[in-house]
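Down below is the structure, laid out as structure tokens.
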Amino acid sequence: MKAAVLNQVGDDKLELRDDVTTTPVGPQEVRIRIKACGVCHSDLSAMDGTLPALAPGVVGHEGAGEIAEIGSAVTQLAVGDHVAITFVPPCGKCAQCVTGQAHLCLVHTLSAFTSPRFLVGGNPAFGYAGLGAFAEEMVVPADAAVKIDDDVPWDVAALLSCGILTGVGAVLNTAKVEPGSSVAVIGCGGVGVAVIQGARLAAAARIVAVDPVTEKHEVAQRFGATHATAPDGVADLNNQLNGGMGFDYVFDVVGLPATIRQAWDLTRRGGHTVVVGAGRADAMVSFSAQELFLHDKTLHGSFYGTANFRRDVPRMIALWRQGRLDLEGMISKRIRLEDVNEGLQALRGGGSLIRQVILFD
């Protein structure tokens, strides 16, 4: 089968191979025939080493497809089911799962991440985040797939696997934004737009989109931002909207020390700073002990939007059906697997792209 392979971390291109096979399906695993996969900034982060990845391996983690084979112990899925996938499959039994933090479950994740999931030219290869969705097929734990209705388009379903749960979830699950509040969002790519949509769903009164790429400002307003500005203009908007006191909630969707610090500084005393962007392990952010005490702000990390995969995917589909969550509008371009490197390069270049989705036959 065809797949896009990262030969070593640091490569800026993936190698398209047609001699790739999956590992055999284990008793609690399923084989998925991939139908669509989003091109996410986290894939770039895996390639350049910002996020942990093992090579050689197949990249891609935001996908949807059809069950092609099930393991002998799998009972919740059947061949032919349409599914969305997750890179943090909840086991439902560990301490994290039973205390309402299923997104932090590591039971399946560690073994899937560190075990070969493919053979490339007969040699073992990994799947990024335990998946590897830039491939025509992949084998994953059954808990990494959730059944969806057959009428949900494949490209829409793919977005549910990462970007939508991460962005909307950061608002509804992590921060629990209150109606009528003020929100600022730093970084307006695919996940940032999902955060903006989440803030709109939460009935925030003012939603300020902050991005240096001016082409993204109109896009952000189309999805619910009430204001949009470059980083150097946000102080004026803070003065105009909040009397200079800061926003109730500020979301950093970039993950750089400078943007995290900016998000903190834009948050009012007693407000909430939410870090959604995935930063490097060696990127350090400084706060003084005094400001942490005096300002009484809350600094949240938001991994995967604090999402409960099995609960939140159906919820997002219900909101999409009601026209309250625009998923089709987030798809800027549909491409083929053969175009993946061009898609990754376009993502590096910024511009007004929200999400590119790879469609498979």
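As shown in the structure tokens, the chain order sets the letters A, B, ...; within each chain, residues go from 1, and ligands are also counted from 1 in the order they appear.
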Please run DSSP on the backbone and report, as a ChimeraX atom specification, all residues within range 114-172 of chain A that come out as strand (DSSP E or B).
-> /A:118-120,123-127,135,137-141,145-147
For the interface of range 60-96 of chain A with range 149-157 of chain A (cut-off 7 Å, counting only C-alpha atoms), please tabulate each contacting residue of range 60-96 of chain A alongside its nearest pair of atoms and their separation in Å to one decimal, rows sorted by chain and increasing number, as CSV.
residue,atom,partner,partner_atom,distance
A:Ala64,CA,A:Ala157,CA,5.8
A:His82,CA,A:Asp150,CA,6.0
A:Ala84,CA,A:Ala157,CA,6.1
Kindly provide the residues of range 166-230 of chain A that approach range 36-52 of chain A to within 9 Å, each paired with its closest atom pair and their distance in Å to one decimal, based on only C-alpha atoms, listed by chain and increasing number, as a tab-separated table.
residue	atom	partner	partner_atom	distance
A:Gly189	CA	A:His41	CA	8.8
A:Gly190	CA	A:Cys40	CA	7.8
A:Val191	CA	A:Cys40	CA	8.8
Output the selection as a short mmCIF file (atom, residue, chain, number, x, y, z; two decimals), in the first residue's frame - C-alpha atoms for each residue.
data_model
loop_
_atom_site.label_atom_id
_atom_site.label_comp_id
_atom_site.auth_asym_id
_atom_site.auth_seq_id
_atom_site.Cartn_x
_atom_site.Cartn_y
_atom_site.Cartn_z
CA GLY A 189 -4.76 28.51 12.14
CA GLY A 190 -6.95 25.41 12.15
CA VAL A 191 -6.99 24.88 15.90
#
Show which residues sit within 9 Å of Val79 in chain A, as a ChimeraX atom specification. Count only C-alpha atoms, and ignore same-chain residues fewer than 6 positions away. /A:66-70
Q. Which is closest to Phe247 in chain A among A:Ser181, A:Ala203, A:Asp282, A:Thr259, if we use only C-alpha atoms?
A.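 Checking each of A:Ser181, A:Ala203, A:Asp282, A:Thr259 against Phe247 in chain A, counting only C-alpha atoms, the winner is A:Ser181.
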Can you list every residue of range 36-103 of chain A that has an atom at most 8 Å from range 296-317 of chain A, with its nearest atom pair and the distance in Å to one decimal, using only C-alpha atoms, ordered by chain then number, as JSON lines?
{"residue": "A:Thr86", "atom": "CA", "partner": "A:Phe309", "partner_atom": "CA", "distance": 7.3}
{"residue": "A:Pro89", "atom": "CA", "partner": "A:Phe309", "partner_atom": "CA", "distance": 7.8}
{"residue": "A:Pro90", "atom": "CA", "partner": "A:Phe309", "partner_atom": "CA", "distance": 7.7}
{"residue": "A:Gly100", "atom": "CA", "partner": "A:Asn308", "partner_atom": "CA", "distance": 7.9}
{"residue": "A:Gln101", "atom": "CA", "partner": "A:Thr306", "partner_atom": "CA", "distance": 7.2}
{"residue": "A:Ala102", "atom": "CA", "partner": "A:Asn308", "partner_atom": "CA", "distance": 5.7}
{"residue": "A:His103", "atom": "CA", "partner": "A:Ala307", "partner_atom": "CA", "distance": 5.8}
Residues of the last selection are to be written out with C-alpha atoms, as a PDB file, in the first residue's frame.
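Written output follows (selection_3.pdb):
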ATOM      1  CA  THR A  86      -7.791   9.363  18.240  1.00  0.00           C
ATOM      2  CA  PRO A  89      -7.332   6.016  23.038  1.00  0.00           C
ATOM      3  CA  PRO A  90      -9.085   5.774  26.433  1.00  0.00           C
ATOM      4  CA  GLY A 100     -12.879  11.960  34.160  1.00  0.00           C
ATOM      5  CA  GLN A 101      -9.514  12.551  32.501  1.00  0.00           C
ATOM      6  CA  ALA A 102      -9.709  10.078  29.643  1.00  0.00           C
ATOM      7  CA  HIS A 103      -7.557  12.325  27.444  1.00  0.00           C
TER       8      HIS A 103
END
Open item on the list: as JSON, numbers by chain, please: the residues near Thr267 in chain A (cut-off 12 Å, only C-alpha atoms, same-chain neighbours under 5 positions excluded).
Closed with: {"A": [182, 183, 184, 185, 186, 234, 235, 238, 242, 244, 245, 246, 247, 248, 249, 250, 251, 252, 260, 261, 262, 272, 273, 274, 295, 296, 297, 298, 299]}
Output of the above residues as an mmCIF file, in the first residue's frame, restricted to N, CA, C and O atoms:
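result12.cif was written with the following content:
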data_model
loop_
_atom_site.group_PDB
_atom_site.id
_atom_site.type_symbol
_atom_site.label_atom_id
_atom_site.label_comp_id
_atom_site.auth_asym_id
_atom_site.auth_seq_id
_atom_site.Cartn_x
_atom_site.Cartn_y
_atom_site.Cartn_z
ATOM 1 N N SER A 182 -15.247 37.867 27.886
ATOM 2 C CA SER A 182 -14.347 38.338 26.833
ATOM 3 C C SER A 182 -13.240 37.323 26.625
ATOM 4 O O SER A 182 -12.695 36.762 27.584
ATOM 5 N N VAL A 183 -12.918 37.072 25.348
ATOM 6 C CA VAL A 183 -11.969 36.026 24.968
ATOM 7 C C VAL A 183 -10.992 36.597 23.946
ATOM 8 O O VAL A 183 -11.393 37.329 23.034
ATOM 9 N N ALA A 184 -9.725 36.252 24.089
ATOM 10 C CA ALA A 184 -8.732 36.528 23.056
ATOM 11 C C ALA A 184 -8.087 35.218 22.643
ATOM 12 O O ALA A 184 -7.838 34.348 23.487
ATOM 13 N N VAL A 185 -7.817 35.077 21.347
ATOM 14 C CA VAL A 185 -7.231 33.850 20.796
ATOM 15 C C VAL A 185 -5.983 34.237 20.025
ATOM 16 O O VAL A 185 -6.060 34.965 19.026
ATOM 17 N N ILE A 186 -4.820 33.776 20.477
ATOM 18 C CA ILE A 186 -3.553 34.081 19.824
ATOM 19 C C ILE A 186 -3.177 32.915 18.929
ATOM 20 O O ILE A 186 -2.896 31.815 19.404
ATOM 21 N N VAL A 234 -3.135 44.500 19.695
ATOM 22 C CA VAL A 234 -4.023 43.933 20.697
ATOM 23 C C VAL A 234 -4.089 44.792 21.952
ATOM 24 O O VAL A 234 -5.122 44.824 22.645
ATOM 25 N N ALA A 235 -3.031 45.514 22.268
ATOM 26 C CA ALA A 235 -3.068 46.385 23.449
ATOM 27 C C ALA A 235 -4.128 47.463 23.285
ATOM 28 O O ALA A 235 -4.860 47.783 24.238
ATOM 29 N N ASN A 238 -7.452 45.898 23.815
ATOM 30 C CA ASN A 238 -7.660 45.656 25.239
ATOM 31 C C ASN A 238 -8.108 46.931 25.941
ATOM 32 O O ASN A 238 -9.024 46.906 26.779
ATOM 33 N N ASN A 242 -11.763 46.522 27.187
ATOM 34 C CA ASN A 242 -11.691 46.103 28.595
ATOM 35 C C ASN A 242 -11.143 47.178 29.521
ATOM 36 O O ASN A 242 -10.820 46.881 30.678
ATOM 37 N N GLY A 244 -8.314 48.305 29.468
ATOM 38 C CA GLY A 244 -6.935 47.951 29.760
ATOM 39 C C GLY A 244 -6.779 46.906 30.847
ATOM 40 O O GLY A 244 -5.652 46.552 31.212
ATOM 41 N N MET A 245 -7.886 46.362 31.351
ATOM 42 C CA MET A 245 -7.819 45.428 32.486
ATOM 43 C C MET A 245 -7.522 43.988 32.061
ATOM 44 O O MET A 245 -7.169 43.164 32.900
ATOM 45 N N GLY A 246 -7.665 43.693 30.786
ATOM 46 C CA GLY A 246 -7.390 42.340 30.309
ATOM 47 C C GLY A 246 -8.664 41.560 30.021
ATOM 48 O O GLY A 246 -9.779 41.956 30.391
ATOM 49 N N PHE A 247 -8.482 40.428 29.355
ATOM 50 C CA PHE A 247 -9.586 39.565 28.948
ATOM 51 C C PHE A 247 -9.860 38.503 30.016
ATOM 52 O O PHE A 247 -8.976 38.103 30.762
ATOM 53 N N ASP A 248 -11.106 38.042 30.042
ATOM 54 C CA ASP A 248 -11.462 36.974 30.983
ATOM 55 C C ASP A 248 -10.709 35.683 30.669
ATOM 56 O O ASP A 248 -10.266 34.973 31.584
ATOM 57 N N TYR A 249 -10.585 35.371 29.382
ATOM 58 C CA TYR A 249 -9.919 34.147 28.940
ATOM 59 C C TYR A 249 -9.015 34.491 27.760
ATOM 60 O O TYR A 249 -9.446 35.163 26.814
ATOM 61 N N VAL A 250 -7.785 34.013 27.801
ATOM 62 C CA VAL A 250 -6.870 34.176 26.667
ATOM 63 C C VAL A 250 -6.292 32.805 26.324
ATOM 64 O O VAL A 250 -5.766 32.103 27.195
ATOM 65 N N PHE A 251 -6.422 32.439 25.055
ATOM 66 C CA PHE A 251 -5.954 31.142 24.572
ATOM 67 C C PHE A 251 -4.716 31.334 23.710
ATOM 68 O O PHE A 251 -4.756 32.069 22.716
ATOM 69 N N ASP A 252 -3.610 30.695 24.084
ATOM 70 C CA ASP A 252 -2.427 30.669 23.230
ATOM 71 C C ASP A 252 -2.473 29.396 22.397
ATOM 72 O O ASP A 252 -2.453 28.289 22.942
ATOM 73 N N ILE A 260 2.927 32.636 24.850
ATOM 74 C CA ILE A 260 2.358 32.234 26.140
ATOM 75 C C ILE A 260 2.442 33.387 27.131
ATOM 76 O O ILE A 260 1.491 33.690 27.859
ATOM 77 N N ARG A 261 3.587 34.075 27.129
ATOM 78 C CA ARG A 261 3.749 35.222 28.015
ATOM 79 C C ARG A 261 2.785 36.339 27.633
ATOM 80 O O ARG A 261 2.194 37.002 28.497
ATOM 81 N N GLN A 262 2.597 36.553 26.329
ATOM 82 C CA GLN A 262 1.645 37.570 25.879
ATOM 83 C C GLN A 262 0.232 37.213 26.324
ATOM 84 O O GLN A 262 -0.529 38.090 26.763
ATOM 85 N N HIS A 272 -8.215 33.649 33.155
ATOM 86 C CA HIS A 272 -7.722 32.318 32.792
ATOM 87 C C HIS A 272 -6.869 32.395 31.527
ATOM 88 O O HIS A 272 -7.334 32.873 30.490
ATOM 89 N N THR A 273 -5.646 31.897 31.615
ATOM 90 C CA THR A 273 -4.759 31.741 30.458
ATOM 91 C C THR A 273 -4.706 30.259 30.106
ATOM 92 O O THR A 273 -4.425 29.425 30.968
ATOM 93 N N VAL A 274 -4.979 29.937 28.856
ATOM 94 C CA VAL A 274 -5.070 28.538 28.429
ATOM 95 C C VAL A 274 -4.043 28.289 27.325
ATOM 96 O O VAL A 274 -4.082 28.943 26.280
ATOM 97 N N HIS A 295 -1.720 38.322 41.132
ATOM 98 C CA HIS A 295 -2.708 38.445 40.052
ATOM 99 C C HIS A 295 -3.813 37.399 40.125
ATOM 100 O O HIS A 295 -4.835 37.534 39.449
ATOM 101 N N ASP A 296 -3.602 36.330 40.884
ATOM 102 C CA ASP A 296 -4.659 35.337 41.101
ATOM 103 C C ASP A 296 -5.232 34.807 39.787
ATOM 104 O O ASP A 296 -6.431 34.540 39.677
ATOM 105 N N LYS A 297 -4.361 34.680 38.772
ATOM 106 C CA LYS A 297 -4.803 34.114 37.498
ATOM 107 C C LYS A 297 -4.644 32.596 37.533
ATOM 108 O O LYS A 297 -3.890 32.053 38.338
ATOM 109 N N THR A 298 -5.342 31.947 36.624
ATOM 110 C CA THR A 298 -5.208 30.505 36.476
ATOM 111 C C THR A 298 -4.532 30.209 35.146
ATOM 112 O O THR A 298 -4.962 30.705 34.101
ATOM 113 N N LEU A 299 -3.454 29.435 35.191
ATOM 114 C CA LEU A 299 -2.745 29.019 33.984
ATOM 115 C C LEU A 299 -3.083 27.560 33.712
ATOM 116 O O LEU A 299 -2.764 26.684 34.513
#
Would you list the contacts of Val20 in chain A as a PyMOL selection string, taking every protein, DNA or RNA residue within 12 Å and counting only C-alpha atoms, but skipping same-chain residues closer than 5 positions in sequence?
-> chain A and resi 1-5+15+56-58+117-127+132+134-138
Pairwise distance, CA of Gly26 in chain A with CA of Ala142 in chain A, equals 9.7 Å
- prompt: Counting only C-alpha atoms, which of A:Gly92, A:Gly167, A:Gly60, A:Gly343 gets nearest to Gly130 in chain A?
  reply: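 Among the listed residues, A:Gly60 lies closest to Gly130 in chain A.
Residues in contact with Ile331 in chain A at up to 6 Å, not including ones fewer than 2 positions away on its chain and judged by only C-alpha atoms, are Glu328, Gly329, Lys333, Arg355 and Gln356 of chain A.
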Same residues, N, CA, C and O atoms, saved as a CSV table (one decimal), in the first residue's frame:
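Produced file out-v5.csv, reproduced below:
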chain,number,residue,atom,x,y,z
A,328,GLU,N,-17.3,22.1,7.3
A,328,GLU,CA,-17.0,22.2,5.9
A,328,GLU,C,-16.2,23.4,5.6
A,328,GLU,O,-15.3,23.4,4.8
A,329,GLY,N,-16.6,24.5,6.2
A,329,GLY,CA,-16.0,25.8,6.0
A,329,GLY,C,-14.5,25.9,6.4
A,329,GLY,O,-13.7,26.7,5.9
A,333,LYS,N,-8.6,23.2,1.5
A,333,LYS,CA,-8.2,22.6,0.3
A,333,LYS,C,-8.3,21.1,0.5
A,333,LYS,O,-7.9,20.6,1.6
A,355,ARG,N,-7.5,24.3,7.1
A,355,ARG,CA,-7.1,22.9,7.1
A,355,ARG,C,-7.1,22.4,5.7
A,355,ARG,O,-8.0,22.6,4.9
A,356,GLN,N,-6.1,21.6,5.4
A,356,GLN,CA,-6.0,20.8,4.2
A,356,GLN,C,-6.3,19.4,4.6
A,356,GLN,O,-5.9,18.9,5.6
task: Please provide as number ranges by chain all residues within 9 Å of Phe87 in chain A, with the sequence filter that same-chain residues fewer than 5 positions apart are discarded (counting only C-alpha atoms).
output: A: 61-62, 109, 128-131, 144, 161-162
My list of candidates is A:Ile196, A:Val30, A:Leu110, A:Leu16. Which is closest to Val74 in chain A when distances are computed with only C-alpha atoms?
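Closest residue, counting only C-alpha atoms: A:Val30.
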Using only C-alpha atoms, the best pick from A:Ala278, A:Val193, A:Ala289, A:Ile207 as closest to Leu353 in chain A would be A:Val193
Could you pull out the alpha helix (DSSP H) residues of range 13-52 of chain A from DSSP and send them as a CSV table (one decimal) with all heavy atoms, in the first residue's frame?
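New file result_10.csv:
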chain,number,residue,atom,x,y,z
A,41,HIS,N,-0.7,21.0,12.0
A,41,HIS,CA,0.6,21.5,12.3
A,41,HIS,C,1.4,20.6,13.2
A,41,HIS,O,2.7,20.6,13.3
A,41,HIS,CB,0.4,22.9,13.0
A,41,HIS,CG,1.7,23.7,13.0
A,41,HIS,ND1,2.7,23.6,13.8
A,41,HIS,CD2,2.0,24.7,12.1
A,41,HIS,CE1,3.7,24.5,13.5
A,41,HIS,NE2,3.3,25.2,12.5
A,42,SER,N,0.7,19.7,14.0
A,42,SER,CA,1.4,18.8,14.8
A,42,SER,C,2.2,17.8,14.0
A,42,SER,O,3.2,17.2,14.5
A,42,SER,CB,0.4,18.0,15.7
A,42,SER,OG,-0.1,18.9,16.7
A,43,ASP,N,1.8,17.5,12.7
A,43,ASP,CA,2.6,16.7,11.9
A,43,ASP,C,3.9,17.3,11.5
A,43,ASP,O,5.0,16.7,11.5
A,43,ASP,CB,1.8,16.4,10.6
A,43,ASP,CG,0.5,15.6,10.8
A,43,ASP,OD1,0.6,14.7,11.6
A,43,ASP,OD2,-0.5,16.0,10.3
A,44,LEU,N,3.9,18.7,11.3
A,44,LEU,CA,5.2,19.4,11.1
A,44,LEU,C,6.0,19.3,12.4
A,44,LEU,O,7.3,19.2,12.3
A,44,LEU,CB,4.9,20.8,10.8
A,44,LEU,CG,4.3,21.1,9.4
A,44,LEU,CD1,4.1,22.7,9.2
A,44,LEU,CD2,5.3,20.7,8.3
A,45,SER,N,5.4,19.4,13.5
A,45,SER,CA,6.1,19.4,14.8
A,45,SER,C,6.7,18.0,15.0
A,45,SER,O,7.8,17.9,15.7
A,45,SER,CB,5.1,19.7,16.0
A,45,SER,OG,4.7,21.1,15.8
A,46,ALA,N,6.1,17.0,14.6
A,46,ALA,CA,6.7,15.7,14.6
A,46,ALA,C,7.9,15.6,13.7
A,46,ALA,O,9.0,15.0,14.1
A,46,ALA,CB,5.7,14.6,14.3
A,47,MET,N,7.8,16.1,12.6
A,47,MET,CA,8.9,16.1,11.6
A,47,MET,C,10.2,16.8,12.1
A,47,MET,O,11.3,16.4,11.9
A,47,MET,CB,8.5,16.6,10.2
A,47,MET,CG,7.4,15.7,9.6
A,47,MET,SD,6.7,16.4,8.1
A,47,MET,CE,8.1,16.5,7.0
A,48,ASP,N,10.0,18.0,12.7
A,48,ASP,CA,11.1,18.8,13.1
A,48,ASP,C,11.6,18.6,14.5
A,48,ASP,O,12.5,19.2,15.0
A,48,ASP,CB,10.8,20.3,12.8
A,48,ASP,CG,9.8,20.9,13.8
A,48,ASP,OD1,9.5,20.3,14.8
A,48,ASP,OD2,9.2,22.0,13.4
Between A:His227, A:Gln197, A:Cys188, A:Ala205, smallest distance to Val253 in chain A by only C-alpha atoms belongs to A:Cys188
